[in-house]
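Structure file input_17.cif with mmCIF, C-alpha atoms:
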```
data_final
#
loop_
_atom_site.label_atom_id
_atom_site.label_comp_id
_atom_site.auth_asym_id
_atom_site.auth_seq_id
_atom_site.Cartn_x
_atom_site.Cartn_y
_atom_site.Cartn_z
CA MET A 247 138.07 132.65 65.00
CA ILE A 248 137.34 131.82 68.63
CA SER A 249 138.95 134.43 70.87
CA ASN A 250 140.28 134.29 74.42
CA GLN A 251 137.14 136.17 75.43
CA PHE A 252 135.12 133.11 74.40
CA PHE A 253 136.95 130.90 76.90
CA LYS A 254 136.76 133.53 79.61
CA TYR A 255 132.99 133.68 79.20
CA VAL A 256 132.72 129.88 79.32
CA GLN A 257 134.70 129.94 82.58
CA LEU A 258 132.45 132.62 84.04
CA LEU A 259 129.37 130.55 83.18
CA HIS A 260 130.93 127.51 84.82
CA GLU A 261 131.69 129.44 88.00
CA LYS A 262 128.20 130.92 88.08
CA TYR A 263 126.19 127.75 87.57
CA THR A 264 128.33 124.98 89.04
CA ARG A 265 127.11 124.09 92.50
CA LYS A 266 129.56 123.72 95.32
CA PRO A 267 129.98 120.10 96.45
CA GLU A 268 127.33 119.08 98.96
CA TYR A 269 127.20 116.18 101.37
CA ASN A 270 126.36 113.01 99.46
CA LEU A 271 125.84 109.76 101.34
CA PHE A 272 126.52 107.65 98.24
CA SER A 273 129.94 109.25 97.78
CA VAL A 274 130.75 108.87 101.47
CA LEU A 275 129.90 105.18 101.66
CA ARG A 276 131.08 104.00 98.25
CA SER A 277 133.23 105.03 95.33
CA GLU A 278 131.09 106.78 92.73
CA SER A 279 132.29 104.22 90.17
CA ASP A 280 131.38 101.18 92.30
CA GLU A 281 129.16 99.34 89.82
CA VAL A 282 128.08 96.49 92.06
CA ARG A 283 127.74 97.82 95.59
CA LEU A 284 126.46 101.29 94.74
CA HIS A 285 124.86 101.54 91.31
CA SER A 286 123.52 98.03 90.74
CA ARG A 287 122.11 97.72 94.26
CA PHE A 288 120.39 101.10 94.20
CA LEU A 289 118.98 100.66 90.70
CA ALA A 290 117.82 97.11 91.46
CA ASP A 291 115.98 98.30 94.55
CA LEU A 292 114.16 100.98 92.56
CA LEU A 293 113.27 98.44 89.87
CA ASN A 294 112.08 95.84 92.37
CA PRO A 295 108.29 95.95 93.02
CA ASN A 296 109.15 94.61 96.48
CA GLY A 297 111.95 97.13 97.04
CA SER A 298 112.29 99.28 100.14
CA HIS A 299 110.79 102.30 98.33
CA SER A 300 107.18 101.05 98.86
CA HIS A 301 106.05 102.26 95.43
CA HIS A 302 105.43 98.72 94.18
CA ASP A 303 105.97 98.40 90.40
CA THR A 304 105.66 102.12 89.60
CA PHE A 305 109.37 102.69 89.01
CA LEU A 306 109.77 99.45 87.06
CA LYS A 307 106.91 100.43 84.74
CA LEU A 308 108.49 103.85 84.18
CA PHE A 309 111.78 102.17 83.29
CA LEU A 310 110.16 99.76 80.82
CA LYS A 311 108.10 102.59 79.32
CA ARG A 312 111.23 104.65 78.64
CA LEU A 313 112.81 101.69 76.82
CA LYS A 314 109.57 100.51 75.21
CA GLU A 315 110.61 100.99 71.58
CA SER A 316 113.93 99.17 71.84
CA LEU A 317 113.12 96.67 74.60
CA GLN A 318 109.63 95.68 73.42
CA VAL A 319 108.68 93.69 76.49
CA GLU A 320 105.76 93.57 78.90
CA LEU A 321 105.89 91.88 82.29
CA THR A 322 102.48 90.46 83.09
CA GLN A 323 103.38 87.91 85.77
CA GLU A 324 105.03 88.22 89.18
CA VAL A 325 108.37 90.00 88.96
CA THR A 326 111.60 89.20 90.80
CA VAL A 327 114.69 91.41 90.72
CA ASP A 328 118.11 90.11 91.80
CA THR A 329 121.66 91.42 91.86
CA GLU A 330 124.73 89.27 91.19
CA TYR A 331 122.66 86.22 90.28
CA LYS A 332 125.20 83.99 88.50
CA ASN A 333 127.39 87.12 88.20
CA ILE A 334 124.65 89.06 86.37
CA ASP A 335 124.62 92.64 87.70
CA ILE A 336 120.82 93.02 87.68
CA LEU A 337 118.36 90.34 86.61
CA ILE A 338 114.63 90.98 86.17
CA ARG A 339 112.45 87.88 85.71
CA SER A 340 108.76 87.44 85.04
CA GLY A 341 107.22 84.22 83.71
CA LYS A 342 109.31 83.13 80.72
CA THR A 343 110.91 86.58 80.34
CA ALA A 344 114.38 87.47 81.63
CA ILE A 345 115.94 90.93 81.38
CA VAL A 346 119.70 90.91 81.95
CA ILE A 347 121.27 94.27 82.83
CA GLU A 348 125.04 94.42 82.45
CA ASN A 349 126.26 97.50 84.30
CA LYS A 350 129.50 98.98 82.94
CA ILE A 351 130.80 102.28 84.27
CA TYR A 352 134.56 101.89 84.01
CA ALA A 353 135.15 98.14 84.12
CA SER A 354 136.08 96.42 80.87
CA ASP A 355 134.14 93.60 79.21
CA GLN A 356 135.05 90.05 80.06
CA ASP A 357 135.45 87.37 77.46
CA LYS A 358 132.03 86.23 76.13
CA GLN A 359 130.34 88.03 79.03
CA LEU A 360 126.99 88.91 77.43
CA SER A 361 127.05 85.67 75.45
CA ASN A 362 127.45 83.65 78.65
CA TYR A 363 124.64 85.50 80.44
CA TYR A 364 122.30 84.91 77.51
CA GLN A 365 123.15 81.22 77.48
CA LYS A 366 122.63 80.90 81.25
CA MET A 367 119.09 82.28 80.94
CA LYS A 368 118.41 80.07 77.93
CA ASP A 369 119.60 77.01 79.88
CA GLU A 370 117.17 77.91 82.67
CA GLY A 371 114.29 77.76 80.21
CA TYR A 372 113.56 81.43 79.55
CA LYS A 373 112.11 82.01 76.09
CA ASN A 374 112.12 85.81 75.93
CA ILE A 375 115.59 87.02 76.90
CA LYS A 376 116.50 90.70 76.70
CA LEU A 377 119.98 92.13 77.24
CA ILE A 378 120.56 95.69 78.46
CA TYR A 379 124.08 97.05 78.22
CA LEU A 380 124.23 100.00 80.62
CA THR A 381 127.15 102.42 80.34
CA ARG A 382 127.87 106.07 81.09
CA THR A 383 127.11 107.29 77.58
CA GLY A 384 125.37 104.35 75.88
CA TYR A 385 128.25 102.89 73.89
CA GLU A 386 128.27 99.39 72.40
CA PRO A 387 129.70 96.30 74.09
CA SER A 388 132.97 94.93 72.73
CA ASP A 389 133.09 92.13 70.19
CA GLN A 390 134.84 90.14 72.91
CA SER A 391 131.69 90.24 75.03
CA THR A 392 129.20 89.41 72.27
CA LYS A 393 131.18 87.18 69.91
CA GLU A 394 129.00 84.10 70.50
CA LEU A 395 125.66 85.91 70.55
CA PRO A 396 123.45 85.06 67.54
CA ASP A 397 123.16 87.99 65.12
CA LYS A 398 119.39 88.01 65.63
CA VAL A 399 119.86 88.56 69.37
CA LYS A 400 122.33 91.40 68.80
CA GLU A 401 119.92 93.12 66.43
CA LYS A 402 116.62 92.67 68.28
CA ASP A 403 117.28 91.77 71.92
CA LEU A 404 120.27 93.93 72.89
CA THR A 405 119.49 97.46 74.12
CA LEU A 406 122.07 100.16 74.79
CA VAL A 407 121.23 102.33 77.80
CA SER A 408 123.11 105.33 79.18
CA TYR A 409 123.44 106.83 82.63
CA GLU A 410 123.81 110.23 81.00
CA HIS A 411 120.29 110.28 79.54
CA ASP A 412 118.22 107.14 80.20
CA ILE A 413 119.00 106.52 83.86
CA TYR A 414 119.24 110.23 84.71
CA ASP A 415 115.83 110.98 83.18
CA TRP A 416 114.24 107.88 84.71
CA VAL A 417 115.55 108.63 88.22
CA THR A 418 114.39 112.24 87.77
CA ARG A 419 110.83 110.94 87.19
CA CYS A 420 111.19 108.65 90.22
CA THR A 421 112.22 111.71 92.24
CA GLU A 422 109.09 113.58 91.15
CA ILE A 423 106.88 110.64 92.11
CA ALA A 424 108.62 110.42 95.49
CA ALA A 425 108.14 114.14 96.18
CA ARG A 426 106.20 113.51 99.41
CA ASP A 427 108.51 110.73 100.58
CA ALA A 428 111.39 112.84 101.91
CA PRO A 429 114.00 110.07 102.53
CA LEU A 430 113.46 108.47 99.12
CA ARG A 431 113.30 111.84 97.36
CA GLU A 432 116.59 112.95 98.88
CA ALA A 433 118.21 109.60 98.04
CA CYS A 434 117.17 110.01 94.41
CA ILE A 435 118.44 113.61 94.32
CA GLN A 436 121.81 112.56 95.75
CA TYR A 437 122.00 109.70 93.26
CA LEU A 438 121.34 112.13 90.40
CA ASP A 439 124.34 114.12 91.64
CA VAL A 440 126.45 110.98 91.41
CA ILE A 441 125.29 110.40 87.82
CA SER A 442 126.10 114.00 86.94
CA LYS A 443 129.60 113.54 88.28
CA ILE A 444 130.42 110.29 86.48
CA THR A 445 129.03 111.63 83.18
CA ASN A 446 130.23 115.26 83.50
CA LYS A 447 126.64 116.30 82.97
CA ILE A 448 125.59 119.96 83.03
CA GLU A 449 122.60 120.09 85.37
CA SER A 450 121.44 123.71 85.00
CA GLN A 451 119.25 124.35 81.95
CA ASP A 452 120.14 128.06 82.12
CA HIS A 453 123.81 127.12 81.95
CA MET A 454 123.17 124.90 78.94
CA ASP A 455 121.05 127.53 77.17
CA LYS A 456 123.76 130.17 77.55
CA LEU A 457 126.44 127.82 76.26
CA LYS A 458 124.28 126.96 73.26
CA ALA A 459 123.69 130.64 72.53
CA LEU A 460 127.42 131.31 72.79
CA LEU A 461 128.22 128.58 70.29
CA LEU A 462 125.70 129.99 67.82
CA THR A 463 127.29 133.45 68.05
CA ASP A 464 129.87 134.60 65.48
CA ASN A 465 130.04 131.17 63.84
CA ASN A 466 131.77 129.78 66.94
CA MET A 467 130.20 126.36 66.44
CA ALA A 468 132.00 125.90 63.11
CA ARG A 469 135.32 125.95 64.96
CA LEU A 470 134.38 123.21 67.42
CA PRO A 471 135.85 120.35 65.33
CA ASP A 472 139.19 122.18 65.50
CA LEU A 473 138.89 122.43 69.29
CA PHE A 474 137.97 118.74 69.64
CA SER A 475 140.97 117.77 67.53
CA ALA A 476 143.28 119.99 69.58
CA TYR A 477 141.82 118.60 72.82
CA ASN A 478 142.51 115.00 71.76
CA GLU A 479 146.02 115.96 70.68
CA ILE A 480 146.68 117.52 74.08
CA LEU A 481 145.39 114.41 75.86
CA THR A 482 147.65 112.32 73.64
CA ASP A 483 150.63 114.56 74.48
CA LEU A 484 149.97 114.33 78.22
CA GLN A 485 149.45 110.56 78.33
CA LEU A 486 152.42 109.83 76.08
CA ASP A 487 154.56 112.02 78.33
CA ILE A 488 153.46 109.97 81.35
CA TRP A 489 154.35 106.72 79.57
CA ASN A 490 157.74 108.09 78.59
CA LYS A 491 158.46 109.17 82.15
CA ILE A 492 157.43 105.75 83.48
CA ALA A 493 159.57 104.04 80.84
CA GLU A 494 162.62 106.14 81.73
CA GLY A 495 162.24 105.29 85.41
CA MET A 496 161.74 101.58 84.79
CA LYS A 497 164.77 101.33 82.48
CA ARG A 498 166.86 103.15 85.07
CA GLU A 499 165.78 100.87 87.94
CA PHE A 500 165.04 97.52 86.31
CA GLY A 501 166.75 97.31 82.91
CA GLU A 502 165.56 96.98 79.33
CA LEU A 503 161.88 97.05 78.50
CA CYS A 504 160.14 94.06 76.96
CA ASP A 505 159.29 94.22 73.26
CA ASN A 506 155.54 94.75 73.77
CA SER A 507 156.01 97.90 75.90
CA VAL A 508 154.09 100.80 74.42
CA THR A 509 156.96 103.30 74.33
CA ILE A 510 159.22 101.14 72.15
CA GLN A 511 156.64 100.34 69.49
CA ASP A 512 157.11 101.80 66.01
CA PHE A 513 154.43 104.44 66.49
CA PRO A 514 153.72 104.89 70.21
CA ARG A 515 151.96 108.21 69.67
CA ASP A 516 149.45 106.57 67.34
CA LEU A 517 148.75 103.88 69.93
CA VAL A 518 148.12 106.45 72.65
CA ARG A 519 145.97 108.56 70.31
CA ASN A 520 143.85 105.49 69.48
CA TYR A 521 143.33 104.95 73.19
CA VAL A 522 142.32 108.59 73.71
CA GLU A 523 139.87 108.40 70.79
CA ASN A 524 138.41 105.06 71.94
CA LYS A 525 139.36 103.24 68.77
CA ARG A 526 138.69 99.52 68.64
CA SER A 527 141.43 97.23 69.98
CA SER A 528 142.99 100.11 71.91
CA LYS A 529 141.93 99.21 75.44
CA TYR A 530 145.23 98.32 77.06
CA HIS A 531 148.70 99.83 77.10
CA ASN A 532 151.57 98.56 79.21
CA ILE A 533 155.25 98.74 79.98
CA ASN A 534 156.91 95.65 81.38
CA VAL A 535 160.35 94.38 82.35
CA LYS A 536 161.47 90.83 83.08
CA LEU A 537 161.75 90.29 86.86
CA ASP A 538 165.20 89.06 87.86
CA GLY A 539 165.25 85.65 89.51
CA TYR A 540 161.95 84.48 88.04
CA LYS A 541 161.23 82.59 84.80
CA LYS A 542 157.88 83.84 83.53
CA THR A 543 157.21 86.83 85.75
CA TYR A 544 157.33 90.53 84.89
CA ILE A 545 157.27 93.97 86.45
CA LEU A 546 154.18 95.51 84.87
CA VAL A 547 152.55 98.93 84.48
CA GLU A 548 149.23 98.74 82.62
CA GLN A 549 146.35 101.04 81.70
CA ASP A 550 142.70 100.03 81.53
CA HIS A 551 140.78 103.22 82.36
CA TYR A 552 143.04 103.57 85.42
CA ILE A 553 146.79 102.89 85.51
CA TYR A 554 147.81 100.09 87.85
CA PHE A 555 151.11 98.34 88.39
CA GLY A 556 152.71 95.39 90.12
CA ILE A 557 153.99 91.91 89.30
CA HIS A 558 152.51 89.80 86.50
CA CYS A 559 152.90 86.01 86.40
CA LYS A 560 152.29 84.55 82.94
CA ASN A 561 151.43 81.13 84.38
CA GLY A 562 148.67 82.58 86.57
CA SER A 563 147.66 82.10 90.18
CA THR A 564 148.37 78.36 90.27
CA SER A 565 152.08 78.82 89.56
CA GLN A 566 154.67 78.55 92.30
CA GLU A 567 156.08 81.95 91.34
CA TYR A 568 152.67 83.57 91.92
CA LYS A 569 152.30 81.91 95.32
CA ASP A 570 155.84 82.87 96.32
CA ILE A 571 155.38 86.56 95.40
CA ALA A 572 151.91 86.75 96.97
CA LYS A 573 153.33 85.49 100.26
CA LYS A 574 156.28 87.90 100.24
CA THR A 575 154.16 90.97 99.41
CA LYS A 576 151.14 90.27 101.60
CA ASN A 577 151.89 93.22 103.90
CA PHE A 578 151.73 95.93 101.23
CA ILE A 579 148.84 98.28 102.01
CA ASN A 580 146.28 99.33 99.38
CA SER A 581 147.29 96.43 97.17
CA TYR A 582 145.21 93.85 95.31
CA ARG A 583 145.69 90.24 94.26
CA TRP A 584 144.29 89.36 90.85
CA SER A 585 144.26 86.19 88.74
CA SER A 586 147.66 86.80 87.12
CA MET A 587 149.01 89.47 89.48
CA PRO A 588 150.02 88.42 93.01
CA ILE A 589 150.35 92.12 93.82
CA ALA A 590 148.70 95.05 92.02
CA ILE A 591 148.46 98.69 93.10
CA HIS A 592 146.60 101.64 91.57
CA ALA A 593 148.68 104.69 90.69
CA GLU A 594 148.07 107.75 92.83
CA PRO A 595 146.16 109.92 92.35
CA GLN A 596 143.66 107.50 90.85
CA ILE A 597 142.79 109.00 87.46
CA ASN A 598 140.21 107.52 85.12
CA PHE A 599 141.74 108.28 81.73
CA LYS A 600 138.47 107.38 79.99
CA ASN A 601 136.50 109.96 81.97
CA LEU A 602 138.81 112.81 82.90
CA THR A 603 137.33 115.33 85.32
CA PRO A 604 138.22 119.04 85.28
CA GLU A 605 140.36 118.37 88.37
CA ASN A 606 142.20 115.57 86.53
CA LEU A 607 142.88 117.84 83.56
CA SER A 608 144.23 120.61 85.77
CA TYR A 609 146.53 118.11 87.48
CA LEU A 610 147.81 116.52 84.27
CA ALA A 611 148.51 119.88 82.61
CA ILE A 612 151.41 120.49 85.04
CA GLU A 613 154.62 118.74 84.03
CA ALA A 614 155.80 118.38 87.64
CA ASN A 615 152.60 116.49 88.48
CA ARG A 616 153.12 114.07 85.61
CA GLN A 617 156.67 113.44 86.81
CA SER A 618 155.42 112.88 90.36
CA TYR A 619 152.78 110.46 89.06
CA ALA A 620 155.42 108.43 87.20
CA ASP A 621 157.84 108.57 90.16
CA PHE A 622 155.19 107.16 92.49
CA ILE A 623 154.80 104.12 90.23
CA VAL A 624 158.52 103.49 89.80
CA ASN A 625 159.31 104.00 93.50
CA MET A 626 156.55 101.61 94.60
CA LEU A 627 157.75 99.01 92.10
CA LYS A 628 161.25 99.42 93.52
CA GLU A 629 159.89 98.77 97.03
CA ILE A 630 158.20 95.62 95.79
CA THR A 631 161.34 94.26 94.10
CA VAL A 632 163.49 95.08 97.14
CA THR A 633 161.02 93.19 99.33
CA LEU A 634 161.19 90.16 97.02
CA LYS A 635 165.00 90.13 97.14
CA GLN A 636 165.18 90.58 100.92
CA GLN A 637 162.94 87.58 101.49
CA SER A 638 164.66 85.29 98.98
#
```
Turn this file's structure into structure tokens for me.
Amino acid sequence: MISNQFFKYVQLLHEKYTRKPEYNLFSVLRSESDEVRLHSRFLADLLNPNGSHSHHDTFLKLFLKRLKESLQVELTQEVTVDTEYKNIDILIRSGKTAIVIENKIYASDQDKQLSNYYQKMKDEGYKNIKLIYLTRTGYEPSDQSTKELPDKVKEKDLTLVSYEHDIYDWVTRCTEIAARDAPLREACIQYLDVISKITNKIESQDHMDKLKALLLTDNNMARLPDLFSAYNEILTDLQLDIWNKIAEGMKREFGELCDNSVTIQDFPRDLVRNYVENKRSSKYHNINVKLDGYKKTYILVEQDHYIYFGIHCKNGSTSQEYKDIAKKTKNFINSYRWSSMPIAIHAEPQINFKNLTPENLSYLAIEANRQSYADFIVNMLKEITVTLKQQS
């Protein structure tokens, strides 16, 4: 049986080997989860033979070499590398070959996303089209994204790539090559720190070796499945508690919940557990209430990695209700306007429930923090509804 001493030793190792946060220009300028303006741009520049690094095609060749077995492609003609070409995150082209890189850190797949990118390249006349699905840990794209891709393409031309291993190891090699180029070397080192943070990667080999040795002591490793199960159950408890607190506040302020709200389903705990365990078809949870004075508009709290909330118009951005609400709420700070939501706000603190950091876990473990988190959402929604009524 794993004793308290086991956990104390793990904590001591963490304190010994975890580096204190250092200044990181990437983190200062952009959110570490900014797929387009941070990750895609930096990676595309490294991959580009004409990039600002002045190492020509060295980094691109290293990248292709690492993925040689799965990608099976050689670029023999002039290479171009673009970002956001026809909404493709990174596009590498050479002759009749096109390599599409779809960069997913926390964002969800869009409908037929990879299928559409493949078809766009096919329509432009490319014969050899490769798809790279880049995620934190190398997981598969959703059926929603690939549903119109031919089975042959899925099997032979779709490569799963991870930040945790593939990108981290590749950028590490780039760092070694750039050893005498101080600005580039430091940029690569700082970028590796960003990868470590978004993947919760242990950077010290000594730290890893000691943890491995600890697990192999006294049959500790055999008890890990029990710990993983308990960990998922705790995450389920904490997230379900947040949903219940949000639901209580929304019922108190706005009335009865709509039938599709997660807390009034037959088995809400199972739904939350499926989300925690990344089961298929478990991406979204929400609580919503009909908004008084409007026909097809709802007060909404929804989870997709992060929890966000606001007003949802079923008829979309072309409806008069959407336009009316967007106009009345235009002065709310830190708010967004999306295709079906004239106002949307992220819950504070912003917690990525698909990639919980140690700081997130410490915060969520305290019941008062969970109540404060739910209260923030309900109080902001109340401000929004009061604003709508005042301007009616």
Evaluated on this file, the PyMOL selection byres ((chain A and resi 514-521) around 9) picks out some residues - which ones are they, written as a CSV table (one decimal) with C-alpha atoms, in the coordinates of the input?
```csv
chain,number,residue,atom,x,y,z
A,478,ASN,CA,142.5,115.0,71.8
A,479,GLU,CA,146.0,116.0,70.7
A,481,LEU,CA,145.4,114.4,75.9
A,482,THR,CA,147.6,112.3,73.6
A,483,ASP,CA,150.6,114.6,74.5
A,485,GLN,CA,149.4,110.6,78.3
A,486,LEU,CA,152.4,109.8,76.1
A,508,VAL,CA,154.1,100.8,74.4
A,509,THR,CA,157.0,103.3,74.3
A,510,ILE,CA,159.2,101.1,72.2
A,511,GLN,CA,156.6,100.3,69.5
A,512,ASP,CA,157.1,101.8,66.0
A,513,PHE,CA,154.4,104.4,66.5
A,522,VAL,CA,142.3,108.6,73.7
A,523,GLU,CA,139.9,108.4,70.8
A,524,ASN,CA,138.4,105.1,71.9
A,525,LYS,CA,139.4,103.2,68.8
A,526,ARG,CA,138.7,99.5,68.6
A,527,SER,CA,141.4,97.2,70.0
A,528,SER,CA,143.0,100.1,71.9
A,529,LYS,CA,141.9,99.2,75.4
A,530,TYR,CA,145.2,98.3,77.1
A,531,HIS,CA,148.7,99.8,77.1
A,600,LYS,CA,138.5,107.4,80.0
```
request  = Using atom CA of Asn446 of chain A and atom CA of Asp355 of chain A as the two end points, give the distance in Å to one decimal.
outcome  =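 So the two atoms, atom CA of Asn446 of chain A and atom CA of Asp355 of chain A, lie 22.4 Å apart.
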With a cut-off of 10 Å, could you pull out the residues of segment 292-335 of chain A touching segment 387-407 of chain A and give me the nearest pair of atoms for each, distance in Å to one decimal, using all atoms listed in the file, ordered by chain and ascending number, as CSV?
```
residue,atom,partner,partner_atom,distance
A:Leu313,CA,A:Thr405,CA,8.4
A:Glu315,CA,A:Thr405,CA,9.9
A:Ser316,CA,A:Thr405,CA,6.2
A:Leu317,CA,A:Thr405,CA,6.4
A:Gln318,CA,A:Asp403,CA,8.7
A:Val319,CA,A:Asp403,CA,9.9
```
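The space separating atom CA of Lys542 of chain A from atom CA of Arg583 of chain A comes to 17.5 Å.
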ask   = Could you state the separation of atom CA of Ile589 of chain A and atom CA of Asp538 of chain A in Å, given to one decimal place?
value =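 Between atom CA of Ile589 of chain A and atom CA of Asp538 of chain A the gap is 16.3 Å.
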ask   = Any idea what's packed within 12 Å of Arg339 of chain A, counting only C-alpha atoms, ignoring anything in its chain fewer than 6 positions away? Could you give it as a VMD selection string?
value = chain A and resid 293 to 295 306 319 to 329 331 345 to 347 367 370 to 376
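Near Ser300 of chain A, within a cut-off of 12 Å and counting all atoms listed in the file, sit the residues Asp291, Leu292, Leu293, Asn294, Pro295, Asn296, Gly297, Ser298, His302, Asp303, Thr304, Phe305, Ile423, Ala424, Asp427, Pro429 and Leu430 of chain A, with same-chain residues fewer than 2 positions away left out.
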request  = Run the PyMOL selection byres ((chain A and resi 616) around 12) mentally over the shown coordinates, then write out the matched residues as a ChimeraX atom specification, using the chain letters and numbers from the document.
outcome  = /A:483-492,593-595,597,606-615,617-623
I need the residues from that last selection saved to file as a compact mmCIF listing (two decimals), in the coordinates of the input (with C-alpha atoms), if you can.
```txt
# COMPACT_ATOMS: atom_id res chain seq x y z
CA ASP A 483 150.63 114.56 74.48
CA LEU A 484 149.97 114.33 78.22
CA GLN A 485 149.45 110.56 78.33
CA LEU A 486 152.42 109.83 76.08
CA ASP A 487 154.56 112.02 78.33
CA ILE A 488 153.46 109.97 81.35
CA TRP A 489 154.35 106.72 79.57
CA ASN A 490 157.74 108.09 78.59
CA LYS A 491 158.46 109.17 82.15
CA ILE A 492 157.43 105.75 83.48
CA ALA A 593 148.68 104.69 90.69
CA GLU A 594 148.07 107.75 92.83
CA PRO A 595 146.16 109.92 92.35
CA ILE A 597 142.79 109.00 87.46
CA ASN A 606 142.20 115.57 86.53
CA LEU A 607 142.88 117.84 83.56
CA SER A 608 144.23 120.61 85.77
CA TYR A 609 146.53 118.11 87.48
CA LEU A 610 147.81 116.52 84.27
CA ALA A 611 148.51 119.88 82.61
CA ILE A 612 151.41 120.49 85.04
CA GLU A 613 154.62 118.74 84.03
CA ALA A 614 155.80 118.38 87.64
CA ASN A 615 152.60 116.49 88.48
CA GLN A 617 156.67 113.44 86.81
CA SER A 618 155.42 112.88 90.36
CA TYR A 619 152.78 110.46 89.06
CA ALA A 620 155.42 108.43 87.20
CA ASP A 621 157.84 108.57 90.16
CA PHE A 622 155.19 107.16 92.49
CA ILE A 623 154.80 104.12 90.23
```
ask   = If we count all atoms listed in the file, what is near Glu432 of chain A at a cut-off of 12 Å, once residues fewer than 2 positions away on the same chain are taken out, given as a list in words?
value = Tyr269, Asn270, Leu271, Phe272, Val417, Thr418, Cys420, Thr421, Glu422, Ala424, Ala425, Arg426, Asp427, Ala428, Pro429, Leu430, Cys434, Ile435, Gln436, Tyr437, Leu438 and Asp439 of chain A
request  = For the point (167.3, 98.2, 85.3) in the file's frame, write as a ChimeraX atom specification all residues with an atom no more than 12 Å away, counting all atoms listed in the file.
outcome  = /A:493-504,534-538,545,624,627-628,631
For C-alpha atoms, I'd like the residues from the last selection saved as a compact mmCIF listing (two decimals), in the coordinates of the input.
```txt
# COMPACT_ATOMS: atom_id res chain seq x y z
CA ALA A 493 159.57 104.04 80.84
CA GLU A 494 162.62 106.14 81.73
CA GLY A 495 162.24 105.29 85.41
CA MET A 496 161.74 101.58 84.79
CA LYS A 497 164.77 101.33 82.48
CA ARG A 498 166.86 103.15 85.07
CA GLU A 499 165.78 100.87 87.94
CA PHE A 500 165.04 97.52 86.31
CA GLY A 501 166.75 97.31 82.91
CA GLU A 502 165.56 96.98 79.33
CA LEU A 503 161.88 97.05 78.50
CA CYS A 504 160.14 94.06 76.96
CA ASN A 534 156.91 95.65 81.38
CA VAL A 535 160.35 94.38 82.35
CA LYS A 536 161.47 90.83 83.08
CA LEU A 537 161.75 90.29 86.86
CA ASP A 538 165.20 89.06 87.86
CA ILE A 545 157.27 93.97 86.45
CA VAL A 624 158.52 103.49 89.80
CA LEU A 627 157.75 99.01 92.10
CA LYS A 628 161.25 99.42 93.52
CA THR A 631 161.34 94.26 94.10
```
Let me have the centre and edge lengths in Å, one decimal, of the box along x, y and z around every listed atom of segment 560-565 of chain A with 5 Å of margin on each side, as lines of an AutoDock Vina configuration file.
```
center_x = 150.0
center_y = 81.5
center_z = 86.6
size_x = 14.6
size_y = 16.2
size_z = 17.3
```
